[in-house]
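Source file: coords.tsv (TSV, C-alpha atoms (C1' of nucleotides))
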```tsv
chain	number	residue	atom	x	y	z
A	1	MET	CA	21.45	-28.98	-15.10
A	2	HIS	CA	20.96	-28.63	-18.81
A	3	GLU	CA	17.39	-29.82	-18.74
A	4	HIS	CA	15.95	-26.99	-16.67
A	5	ALA	CA	15.02	-24.78	-19.55
A	6	ILE	CA	13.51	-27.68	-21.41
A	7	SER	CA	11.40	-28.81	-18.51
A	8	ALA	CA	10.25	-25.26	-17.85
A	9	PHE	CA	8.70	-25.13	-21.30
A	10	ALA	CA	7.40	-28.68	-21.32
A	11	ALA	CA	4.05	-29.63	-19.86
A	12	HIS	CA	4.59	-30.74	-16.28
A	13	ASP	CA	3.03	-30.88	-12.87
A	14	HIS	CA	3.37	-27.39	-11.50
A	15	ALA	CA	2.24	-28.33	-8.03
A	16	HIS	CA	4.98	-30.89	-7.89
A	17	CYS	CA	7.82	-28.74	-9.15
A	18	SER	CA	6.66	-25.86	-6.98
A	19	GLY	CA	6.69	-28.09	-3.96
A	20	ASP	CA	10.19	-29.28	-4.70
A	21	VAL	CA	11.53	-25.79	-5.15
A	22	LEU	CA	9.80	-24.56	-2.04
A	23	ALA	CA	11.36	-27.37	-0.04
A	24	GLN	CA	14.78	-26.53	-1.44
A	25	ALA	CA	14.20	-22.89	-0.59
A	26	GLU	CA	13.29	-23.70	3.00
A	27	ALA	CA	16.34	-25.89	3.44
A	28	MET	CA	18.59	-23.27	1.93
A	29	VAL	CA	17.18	-20.48	4.06
A	30	VAL	CA	17.59	-22.47	7.26
A	31	ALA	CA	21.13	-23.41	6.31
A	32	GLU	CA	22.01	-19.74	5.98
A	33	GLY	CA	20.34	-18.65	9.17
A	34	LEU	CA	17.71	-16.61	7.35
A	35	ARG	CA	13.99	-16.45	7.92
A	36	LEU	CA	11.37	-17.40	5.37
A	37	THR	CA	8.59	-15.47	7.01
A	38	PRO	CA	4.92	-15.83	6.04
A	39	VAL	CA	4.99	-12.89	3.64
A	40	ARG	CA	8.22	-13.99	2.00
A	41	ARG	CA	7.07	-17.57	1.79
A	42	ARG	CA	3.73	-16.60	0.34
A	43	VAL	CA	5.37	-14.34	-2.25
A	44	LEU	CA	7.63	-17.19	-3.29
A	45	GLU	CA	4.62	-19.50	-3.51
A	46	ILE	CA	2.75	-17.00	-5.63
A	47	LEU	CA	5.67	-16.76	-8.02
A	48	LEU	CA	5.99	-20.53	-8.12
A	49	GLU	CA	2.28	-21.04	-8.71
A	50	ALA	CA	2.21	-18.49	-11.49
A	51	HIS	CA	5.17	-20.21	-13.07
A	52	ARG	CA	5.91	-17.10	-15.04
A	53	ALA	CA	7.11	-13.60	-14.33
A	54	LEU	CA	4.76	-11.43	-12.30
A	55	GLY	CA	4.82	-7.71	-11.73
A	56	ALA	CA	5.27	-6.55	-8.16
A	57	TYR	CA	1.73	-5.22	-8.10
A	58	ASP	CA	0.31	-8.50	-9.41
A	59	VAL	CA	1.90	-10.19	-6.44
A	60	LEU	CA	0.74	-7.43	-4.13
A	61	ASN	CA	-2.87	-7.82	-5.22
A	62	ARG	CA	-2.80	-11.49	-4.38
A	63	LEU	CA	-1.16	-10.83	-1.04
A	64	ALA	CA	-3.69	-8.18	-0.17
A	65	ALA	CA	-6.55	-10.53	-1.01
A	66	GLU	CA	-5.16	-12.88	1.62
A	67	GLY	CA	-4.93	-10.42	4.44
A	68	PHE	CA	-1.31	-9.35	4.16
A	69	GLY	CA	-0.39	-5.70	3.92
A	70	ASN	CA	-1.55	-4.09	0.72
A	71	GLN	CA	1.06	-1.40	0.30
A	72	PRO	CA	3.93	-1.60	-2.20
A	73	PRO	CA	6.78	-1.79	0.30
A	74	VAL	CA	5.40	-5.05	1.65
A	75	VAL	CA	5.86	-6.85	-1.61
A	76	TYR	CA	9.01	-5.04	-2.68
A	77	ARG	CA	10.73	-5.97	0.55
A	78	ALA	CA	9.79	-9.59	0.18
A	79	LEU	CA	10.89	-9.60	-3.44
A	80	ASP	CA	14.16	-7.92	-2.55
A	81	PHE	CA	14.81	-10.58	0.04
A	82	LEU	CA	14.09	-13.39	-2.41
A	83	VAL	CA	16.22	-11.86	-5.15
A	84	GLU	CA	19.04	-11.08	-2.75
A	85	HIS	CA	19.23	-14.67	-1.63
A	86	GLY	CA	18.81	-16.25	-5.03
A	87	LEU	CA	15.27	-17.51	-4.53
A	88	ALA	CA	13.84	-15.30	-7.24
A	89	HIS	CA	15.11	-13.31	-10.18
A	90	ARG	CA	14.24	-9.97	-11.54
A	91	ILE	CA	13.39	-9.86	-15.23
A	92	GLN	CA	14.51	-6.40	-16.26
A	93	ARG	CA	12.84	-6.44	-19.59
A	94	LEU	CA	9.44	-7.02	-18.04
A	95	ASN	CA	9.87	-5.12	-14.80
A	96	ALA	CA	8.80	-8.39	-13.28
A	97	PHE	CA	9.92	-11.19	-10.99
A	98	ALA	CA	10.11	-14.94	-11.35
A	99	ALA	CA	10.89	-17.69	-8.88
A	100	CYS	CA	14.26	-19.30	-9.23
A	101	MET	CA	13.76	-22.87	-10.34
A	102	HIS	CA	16.91	-24.26	-8.77
A	103	PRO	CA	17.87	-22.23	-5.75
A	104	GLY	CA	21.11	-22.92	-4.00
A	105	THR	CA	22.82	-23.91	-7.20
A	106	ALA	CA	25.41	-21.38	-8.25
A	107	HIS	CA	24.33	-20.16	-11.63
A	108	ALA	CA	24.60	-17.27	-14.02
A	109	PRO	CA	21.06	-17.44	-15.27
A	110	VAL	CA	19.90	-16.62	-18.75
A	111	PHE	CA	16.23	-15.88	-19.19
A	112	LEU	CA	14.25	-16.95	-22.19
A	113	ILE	CA	11.08	-14.92	-22.50
A	114	CYS	CA	8.41	-16.09	-24.91
A	115	ARG	CA	6.81	-13.08	-26.54
A	116	THR	CA	3.63	-15.01	-27.23
A	117	CYS	CA	2.77	-17.02	-24.13
A	118	HIS	CA	4.95	-14.97	-21.77
A	119	VAL	CA	6.47	-17.98	-20.09
A	120	VAL	CA	9.91	-17.26	-18.72
A	121	ALA	CA	12.44	-20.08	-18.57
A	122	GLU	CA	15.79	-20.08	-16.92
A	123	ALA	CA	18.61	-21.58	-18.97
A	124	ASP	CA	22.19	-22.35	-18.08
A	125	GLY	CA	24.20	-19.27	-18.84
A	126	ALA	CA	27.68	-20.46	-17.97
A	127	SER	CA	28.96	-20.26	-21.53
A	128	VAL	CA	27.27	-16.92	-22.10
A	129	GLY	CA	28.68	-15.58	-18.89
A	130	SER	CA	32.23	-16.56	-19.75
A	131	ALA	CA	31.93	-15.04	-23.21
A	132	LEU	CA	30.72	-11.87	-21.54
A	133	VAL	CA	33.63	-11.78	-19.13
A	134	VAL	CA	36.04	-12.18	-22.03
A	135	ALA	CA	34.40	-9.47	-24.13
A	136	ALA	CA	34.35	-7.09	-21.18
A	137	GLY	CA	37.91	-7.95	-20.25
A	138	ALA	CA	39.06	-6.83	-23.69
A	139	ALA	CA	37.85	-3.36	-22.71
A	140	GLY	CA	39.46	-3.55	-19.30
A	141	PHE	CA	36.08	-3.88	-17.64
A	142	ALA	CA	35.56	-6.09	-14.60
A	143	VAL	CA	32.15	-7.73	-14.59
A	144	GLU	CA	30.47	-8.09	-11.22
A	145	ARG	CA	26.86	-8.81	-12.09
A	146	SER	CA	25.23	-9.44	-15.42
A	147	THR	CA	21.80	-9.51	-16.93
A	148	VAL	CA	21.15	-11.72	-19.92
A	149	GLU	CA	17.65	-11.93	-21.32
A	150	ALA	CA	16.42	-13.22	-24.64
A	151	LEU	CA	13.07	-12.44	-26.18
A	152	GLY	CA	11.73	-14.90	-28.72
A	153	LEU	CA	9.54	-17.93	-29.18
A	154	CYS	CA	9.34	-20.95	-26.94
A	155	PRO	CA	9.05	-24.44	-28.47
A	156	GLN	CA	5.27	-24.57	-28.10
A	157	CYS	CA	4.68	-21.20	-29.70
A	158	ARG	CA	7.05	-22.00	-32.53
A	159	ALA	CA	5.06	-25.13	-33.25
A	160	VAL	CA	1.73	-23.30	-33.25
A	161	PRO	CA	2.24	-20.02	-35.12
A	162	ALA	CA	-0.46	-17.51	-34.30
B	1	MET	CA	35.28	-2.74	-34.27
B	2	HIS	CA	36.96	-4.21	-31.22
B	3	GLU	CA	38.22	-0.91	-30.00
B	4	HIS	CA	34.87	0.72	-29.38
B	5	ALA	CA	34.56	-0.28	-25.78
B	6	ILE	CA	38.10	0.75	-25.09
B	7	SER	CA	37.72	4.14	-26.69
B	8	ALA	CA	34.47	4.72	-24.89
B	9	PHE	CA	36.24	4.43	-21.58
B	10	ALA	CA	39.38	6.25	-22.63
B	11	ALA	CA	39.71	10.01	-22.55
B	12	HIS	CA	38.79	11.40	-25.95
B	13	ASP	CA	37.30	14.35	-27.75
B	14	HIS	CA	33.58	14.03	-27.24
B	15	ALA	CA	32.68	16.78	-29.66
B	16	HIS	CA	34.57	14.96	-32.35
B	17	CYS	CA	33.16	11.49	-31.78
B	18	SER	CA	29.66	12.95	-31.40
B	19	GLY	CA	29.99	14.74	-34.68
B	20	ASP	CA	31.11	11.59	-36.44
B	21	VAL	CA	28.27	9.54	-35.08
B	22	LEU	CA	25.75	12.23	-35.89
B	23	ALA	CA	26.97	12.33	-39.47
B	24	GLN	CA	26.72	8.57	-39.72
B	25	ALA	CA	23.22	8.74	-38.29
B	26	GLU	CA	22.13	11.32	-40.83
B	27	ALA	CA	23.50	9.28	-43.71
B	28	MET	CA	21.89	6.14	-42.43
B	29	VAL	CA	18.53	7.80	-41.93
B	30	VAL	CA	18.52	9.27	-45.41
B	31	ALA	CA	19.54	5.95	-46.90
B	32	GLU	CA	16.50	4.31	-45.33
B	33	GLY	CA	14.05	7.02	-46.30
B	34	LEU	CA	13.45	8.06	-42.70
B	35	ARG	CA	13.33	11.53	-41.24
B	36	LEU	CA	15.67	12.85	-38.59
B	37	THR	CA	13.37	15.64	-37.49
B	38	PRO	CA	14.48	18.45	-35.17
B	39	VAL	CA	13.22	16.73	-32.03
B	40	ARG	CA	14.76	13.41	-32.96
B	41	ARG	CA	18.01	14.99	-33.97
B	42	ARG	CA	18.19	17.03	-30.80
B	43	VAL	CA	17.48	14.01	-28.64
B	44	LEU	CA	20.27	12.13	-30.35
B	45	GLU	CA	22.60	15.08	-29.86
B	46	ILE	CA	21.71	15.27	-26.20
B	47	LEU	CA	22.52	11.59	-25.77
B	48	LEU	CA	25.76	12.00	-27.66
B	49	GLU	CA	26.80	15.04	-25.67
B	50	ALA	CA	26.04	13.35	-22.38
B	51	HIS	CA	28.11	10.40	-23.48
B	52	ARG	CA	26.41	8.24	-20.92
B	53	ALA	CA	22.96	6.84	-20.32
B	54	LEU	CA	20.25	9.40	-19.59
B	55	GLY	CA	16.78	8.87	-18.22
B	56	ALA	CA	13.90	9.89	-20.48
B	57	TYR	CA	13.02	12.73	-18.15
B	58	ASP	CA	16.58	14.01	-18.11
B	59	VAL	CA	16.40	14.31	-21.86
B	60	LEU	CA	12.94	15.82	-21.65
B	61	ASN	CA	14.12	18.54	-19.30
B	62	ARG	CA	16.81	19.59	-21.72
B	63	LEU	CA	14.40	19.55	-24.62
B	64	ALA	CA	11.88	21.63	-22.75
B	65	ALA	CA	14.55	24.18	-21.90
B	66	GLU	CA	15.08	24.63	-25.61
B	67	GLY	CA	11.49	25.23	-26.59
B	68	PHE	CA	10.44	21.75	-27.60
B	69	GLY	CA	7.37	20.13	-26.12
B	70	ASN	CA	7.76	19.40	-22.45
B	71	GLN	CA	5.47	16.42	-22.13
B	72	PRO	CA	6.73	12.85	-21.76
B	73	PRO	CA	5.37	11.53	-25.06
B	74	VAL	CA	7.56	13.95	-26.97
B	75	VAL	CA	10.74	12.43	-25.71
B	76	TYR	CA	9.49	8.85	-25.58
B	77	ARG	CA	8.48	8.99	-29.21
B	78	ALA	CA	11.83	10.35	-30.25
B	79	LEU	CA	13.63	7.75	-28.15
B	80	ASP	CA	11.47	4.98	-29.57
B	81	PHE	CA	12.36	6.11	-33.06
B	82	LEU	CA	16.07	6.17	-32.29
B	83	VAL	CA	16.02	2.78	-30.61
B	84	GLU	CA	13.89	1.26	-33.33
B	85	HIS	CA	16.35	2.31	-35.97
B	86	GLY	CA	19.49	1.45	-34.08
B	87	LEU	CA	20.60	4.99	-33.32
B	88	ALA	CA	20.21	4.56	-29.60
B	89	HIS	CA	19.91	1.74	-27.12
B	90	ARG	CA	17.84	1.22	-24.08
B	91	ILE	CA	19.71	0.25	-20.94
B	92	GLN	CA	17.17	-1.87	-19.09
B	93	ARG	CA	19.05	-1.95	-15.86
B	94	LEU	CA	19.04	1.83	-15.58
B	95	ASN	CA	15.72	2.62	-17.22
B	96	ALA	CA	17.82	4.84	-19.38
B	97	PHE	CA	18.95	5.45	-22.93
B	98	ALA	CA	22.32	5.85	-24.61
B	99	ALA	CA	23.31	6.83	-28.12
B	100	CYS	CA	24.61	4.05	-30.29
B	101	MET	CA	28.28	4.69	-30.98
B	102	HIS	CA	28.41	2.96	-34.34
B	103	PRO	CA	25.02	3.11	-36.00
B	104	GLY	CA	24.45	1.23	-39.20
B	105	THR	CA	26.81	-1.54	-38.19
B	106	ALA	CA	24.96	-4.74	-37.47
B	107	HIS	CA	25.73	-5.58	-33.91
B	108	ALA	CA	24.45	-7.45	-30.92
B	109	PRO	CA	25.54	-4.95	-28.34
B	110	VAL	CA	26.73	-5.73	-24.87
B	111	PHE	CA	26.63	-2.91	-22.37
B	112	LEU	CA	29.23	-2.40	-19.72
B	113	ILE	CA	27.94	-0.20	-16.94
B	114	CYS	CA	30.39	1.18	-14.42
B	115	ARG	CA	28.80	1.22	-11.00
B	116	THR	CA	31.06	4.01	-9.84
B	117	CYS	CA	31.27	6.59	-12.61
B	118	HIS	CA	28.12	5.45	-14.42
B	119	VAL	CA	29.71	5.50	-17.83
B	120	VAL	CA	28.11	3.04	-20.21
B	121	ALA	CA	30.23	1.48	-22.94
B	122	GLU	CA	29.11	-0.65	-25.78
B	123	ALA	CA	31.21	-3.73	-26.44
B	124	ASP	CA	31.15	-6.24	-29.23
B	125	GLY	CA	28.70	-8.91	-28.23
B	126	ALA	CA	29.02	-11.27	-31.17
B	127	SER	CA	30.54	-14.10	-29.14
B	128	VAL	CA	28.10	-13.56	-26.29
B	129	GLY	CA	25.20	-13.53	-28.71
B	130	SER	CA	26.19	-16.78	-30.33
B	131	ALA	CA	26.65	-18.46	-26.96
B	132	LEU	CA	23.19	-17.24	-26.06
B	133	VAL	CA	21.65	-18.62	-29.24
B	134	VAL	CA	23.27	-21.98	-28.55
B	135	ALA	CA	22.12	-22.08	-24.94
B	136	ALA	CA	18.59	-21.10	-25.93
B	137	GLY	CA	18.58	-23.55	-28.81
B	138	ALA	CA	19.23	-26.39	-26.40
B	139	ALA	CA	15.86	-25.55	-24.88
B	140	GLY	CA	14.16	-25.27	-28.25
B	141	PHE	CA	13.90	-21.53	-27.87
B	142	ALA	CA	14.32	-19.20	-30.86
B	143	VAL	CA	16.02	-15.94	-29.87
B	144	GLU	CA	14.78	-12.82	-31.62
B	145	ARG	CA	16.17	-10.03	-29.50
B	146	SER	CA	18.48	-10.09	-26.56
B	147	THR	CA	19.57	-7.86	-23.77
B	148	VAL	CA	23.04	-8.28	-22.32
B	149	GLU	CA	24.20	-5.89	-19.66
B	150	ALA	CA	27.10	-6.15	-17.26
B	151	LEU	CA	27.52	-4.14	-14.10
B	152	GLY	CA	31.02	-3.70	-12.77
B	153	LEU	CA	34.04	-1.44	-12.80
B	154	CYS	CA	35.53	0.37	-15.77
B	155	PRO	CA	39.32	0.60	-16.19
B	156	GLN	CA	39.56	4.06	-14.63
B	157	CYS	CA	37.53	3.15	-11.57
B	158	ARG	CA	39.46	-0.08	-11.10
B	159	ALA	CA	42.68	1.93	-11.09
B	160	VAL	CA	41.39	4.42	-8.53
B	161	PRO	CA	39.53	2.45	-5.88
B	162	ALA	CA	37.23	4.62	-3.80
C	1	DC	C1'	9.58	-13.22	33.24
C	2	DT	C1'	11.00	-9.00	31.68
C	3	DT	C1'	13.71	-6.00	29.19
C	4	DC	C1'	16.42	-5.14	25.40
C	5	DT	C1'	17.61	-5.40	20.65
C	6	DG	C1'	17.43	-6.46	16.03
C	7	DT	C1'	14.57	-7.62	12.42
C	8	DA	C1'	10.20	-7.72	9.98
C	9	DT	C1'	5.90	-5.70	8.87
C	10	DG	C1'	2.54	-2.03	8.28
C	11	DT	C1'	1.37	2.65	6.60
C	12	DT	C1'	1.66	7.22	4.54
C	13	DA	C1'	3.30	9.81	1.15
C	14	DT	C1'	5.80	10.73	-2.84
C	15	DA	C1'	8.98	10.12	-6.70
C	16	DG	C1'	10.12	8.23	-11.14
C	17	DC	C1'	8.95	5.85	-15.50
C	18	DA	C1'	5.79	5.17	-19.35
C	19	DT	C1'	1.72	5.19	-22.39
C	20	DA	C1'	-3.26	5.81	-24.11
C	21	DA	C1'	-6.00	8.88	-26.54
C	22	DC	C1'	-7.00	12.76	-28.98
C	23	DA	C1'	-6.01	17.44	-31.35
C	24	DG	C1'	-3.57	20.02	-34.57
C	25	DG	C1'	0.12	20.92	-37.96
C	26	DT	C1'	3.08	19.89	-42.05
C	27	DC	C1'	4.15	18.16	-46.42
C	28	DA	C1'	4.13	15.55	-50.60
C	29	DA	C1'	1.26	12.88	-53.90
C	30	DG	C1'	-2.60	12.79	-56.52
D	1	DC	C1'	-6.70	21.94	-53.10
D	2	DT	C1'	-7.77	17.84	-51.03
D	3	DT	C1'	-6.22	13.62	-49.25
D	4	DG	C1'	-3.46	10.80	-46.52
D	5	DA	C1'	0.62	9.77	-43.91
D	6	DC	C1'	3.37	11.17	-40.46
D	7	DC	C1'	4.99	14.05	-36.78
D	8	DT	C1'	4.25	16.95	-32.79
D	9	DG	C1'	1.72	18.78	-28.92
D	10	DT	C1'	-1.30	18.15	-24.91
D	11	DT	C1'	-4.19	16.07	-21.38
D	12	DA	C1'	-4.76	12.60	-18.49
D	13	DT	C1'	-3.66	8.52	-16.35
D	14	DG	C1'	-1.41	4.21	-14.99
D	15	DC	C1'	2.40	1.48	-13.56
D	16	DT	C1'	6.78	0.93	-11.01
D	17	DA	C1'	9.51	1.92	-6.99
D	18	DT	C1'	11.25	3.97	-2.65
D	19	DA	C1'	11.79	7.23	1.46
D	20	DA	C1'	10.48	7.81	6.01
D	21	DC	C1'	8.34	6.67	9.99
D	22	DA	C1'	5.35	3.69	13.19
D	23	DT	C1'	4.31	-0.74	15.09
D	24	DA	C1'	4.89	-5.56	16.26
D	25	DC	C1'	7.33	-9.54	17.29
D	26	DA	C1'	10.97	-13.09	18.35
D	27	DG	C1'	15.01	-14.40	20.61
D	28	DA	C1'	18.96	-13.13	23.74
D	29	DA	C1'	20.41	-11.10	28.00
D	30	DG	C1'	19.65	-10.19	32.50
```
Kindly present the structure from the file in structure tokens form.
Amino acid sequence: MHEHAISAFAAHDHAHCSGDVLAQAEAMVVAEGLRLTPVRRRVLEILLEAHRALGAYDVLNRLAAEGFGNQPPVVYRALDFLVEHGLAHRIQRLNAFAACMHPGTAHAPVFLICRTCHVVAEADGASVGSALVVAAGAAGFAVERSTVEALGLCPQCRAVPA
Amino acid sequence: MHEHAISAFAAHDHAHCSGDVLAQAEAMVVAEGLRLTPVRRRVLEILLEAHRALGAYDVLNRLAAEGFGNQPPVVYRALDFLVEHGLAHRIQRLNAFAACMHPGTAHAPVFLICRTCHVVAEADGASVGSALVVAAGAAGFAVERSTVEALGLCPQCRAVPA
DNA sequence: CTTCTGTATGTTATAGCATAACAGGTCAAG
DNA sequence: CTTGACCTGTTATGCTATAACATACAGAAG
């Protein structure tokens, strides 16, 4: 599981990884008795194809161009569904959404956002999460959900300074 | 420095802690050759008085009621200044802003947001930050800024379940 | 096969958050 | 007293998100 962030930054076959994730998503949705409807599926595909975080309206524009509804609630509902069931994540810092790269796996994701190329990678946040629980516990605070996002430079952009 | 989160949740004299922080802020601003103008100072005071996260328009409404400009850029510029210089923090999850409770101190803040009473406390995030740097480093990512926010229950709200 | 029911989608309207661009004022340095 | 830097004010607009209601559709019950 440690190689996800690395592979997200490395050159790779997007069509292939998207296909894998989509297959996992379908299996997971069926297993839970949920429905990956055309709109939801297409939104997930759009996020997977983009392979970076997209704003809700970016997704909406693509949906509309394909004959789906072109009003905000259409895309927000689909995004809410995906986020709710762990198939996508919301990137608070960007007011944007990104496909989850390993759905079904329990994870406390950490997002690494490159300020140059805008790629968003998902890293294993288990150690960060436990440090957070400890720090919060010292204040008597019970953590239920957490958001951890880092802004910086990805390996490629570090290697090629602007 | 470990007691900040605790004191933020505990009952205390807001006027007193606000005054302290404001004095620290003034000293810090002078030391750096910056200007804590009336609008900026008033915005900071408003955040300190509220003692929780406020939306930009909440702050703007109070400003406007006191004769300052009543257009969004007025408050956003003041908030940007405060955030830029560490006198306030942006809470991404809430699209809101909170005064920094110990300006001048280098810190990687972690925010603890109570989902019931909406109080926001700032905890020491040093351990969380270093875990984050390690996790990101494994992916070759260089962290420059990070956002760590936890949603959950504060001590008071845990004690008195709804 | 039809009706019922829950869920999903479509649509209208509006609310909330944020910034670009330009105009005018203040103040200290030269 | 002019210049230049910075701050404030204002207009206008754009982006993000949701409430509320109407329609459609699939599967279960009869």
With a distance threshold of 10 Å and counting all atoms listed in the file, extract the residues of chain D near chain A and express them as a list in words.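 Per the criterion, chain D yields DC15, DT16, DA17 and DT18 of chain D.
Using only C-alpha atoms (C1' of nucleotides), the nearest neighbour of chain B within the list C:DT9, C:DT26, C:DT19, C:DT3 is C:DT19.
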Between A:Leu132, A:Ala108, A:Leu36, A:Ala50, which one has atoms that come closest to chain C, using all atoms listed in the file?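 The shortest atom-to-atom distance to chain C comes from A:Leu36.
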With a distance threshold of 8 Å and counting only C-alpha atoms, extract the residues of chain B near chain A and express them as a PyMOL selection string. chain B and resi 3+5-6+92-93+112+123-125+127-129+131-132+135-136+138-155+158
Distance cut-off 9 Å, counting only C-alpha atoms (C1' of nucleotides) - which residues of chain C neighbour chain B? Return them as number ranges by chain. C: 16-19
Convert the current residue selection to file output with C-alpha atoms (C1' of nucleotides), as a compact mmCIF listing (two decimals), in the coordinates of the input.
```
# COMPACT_ATOMS: atom_id res chain seq x y z
C1' DG C 16 10.12 8.23 -11.14
C1' DC C 17 8.95 5.85 -15.50
C1' DA C 18 5.79 5.17 -19.35
C1' DT C 19 1.72 5.19 -22.39
```
Just want the 6 Å neighbourhood of His89 in chain A, counted on only C-alpha atoms (C1' of nucleotides), with same-chain residues fewer than 6 positions away dropped. Output as a list in words.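 Contacts, in chain order: Val83, Phe97 and Ala98 of chain A.
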Quick one: residues within 12 Å of Val74 in chain A, only C-alpha atoms (C1' of nucleotides) counted, chain neighbours fewer than 5 positions away excluded, as an MDAnalysis selection string? (chainID A and resid 38:40 42:43 56:57 59:61 63:64 67:69 79:81) or (chainID C and resid 8:11) or (chainID D and resid 17:18)
Please, could N, CA and C atoms be added to range 75-87 of chain A and the result written as a tab-separated table (two decimals), in the coordinates of the input?
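Below is the file out-v4.tsv, written as the result:
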```
chain	number	residue	atom	x	y	z
A	75	VAL	N	5.45	-5.89	-0.59
A	75	VAL	CA	5.86	-6.85	-1.61
A	75	VAL	C	7.27	-6.57	-2.10
A	76	TYR	N	7.66	-5.32	-2.20
A	76	TYR	CA	9.01	-5.04	-2.68
A	76	TYR	C	10.05	-5.57	-1.69
A	77	ARG	N	9.75	-5.46	-0.42
A	77	ARG	CA	10.73	-5.97	0.55
A	77	ARG	C	10.86	-7.47	0.46
A	78	ALA	N	9.73	-8.13	0.29
A	78	ALA	CA	9.79	-9.59	0.18
A	78	ALA	C	10.52	-9.98	-1.10
A	79	LEU	N	10.22	-9.29	-2.17
A	79	LEU	CA	10.89	-9.60	-3.44
A	79	LEU	C	12.39	-9.32	-3.35
A	80	ASP	N	12.74	-8.23	-2.71
A	80	ASP	CA	14.16	-7.92	-2.55
A	80	ASP	C	14.87	-9.03	-1.78
A	81	PHE	N	14.22	-9.49	-0.74
A	81	PHE	CA	14.81	-10.58	0.04
A	81	PHE	C	15.02	-11.81	-0.84
A	82	LEU	N	14.01	-12.19	-1.58
A	82	LEU	CA	14.09	-13.39	-2.41
A	82	LEU	C	15.17	-13.25	-3.49
A	83	VAL	N	15.22	-12.08	-4.10
A	83	VAL	CA	16.22	-11.86	-5.15
A	83	VAL	C	17.63	-11.86	-4.54
A	84	GLU	N	17.74	-11.17	-3.43
A	84	GLU	CA	19.04	-11.08	-2.75
A	84	GLU	C	19.62	-12.45	-2.43
A	85	HIS	N	18.76	-13.36	-2.04
A	85	HIS	CA	19.23	-14.67	-1.63
A	85	HIS	C	19.05	-15.74	-2.70
A	86	GLY	N	18.83	-15.29	-3.92
A	86	GLY	CA	18.81	-16.25	-5.03
A	86	GLY	C	17.57	-17.11	-5.14
A	87	LEU	N	16.49	-16.71	-4.45
A	87	LEU	CA	15.27	-17.51	-4.53
A	87	LEU	C	14.34	-17.01	-5.62
```
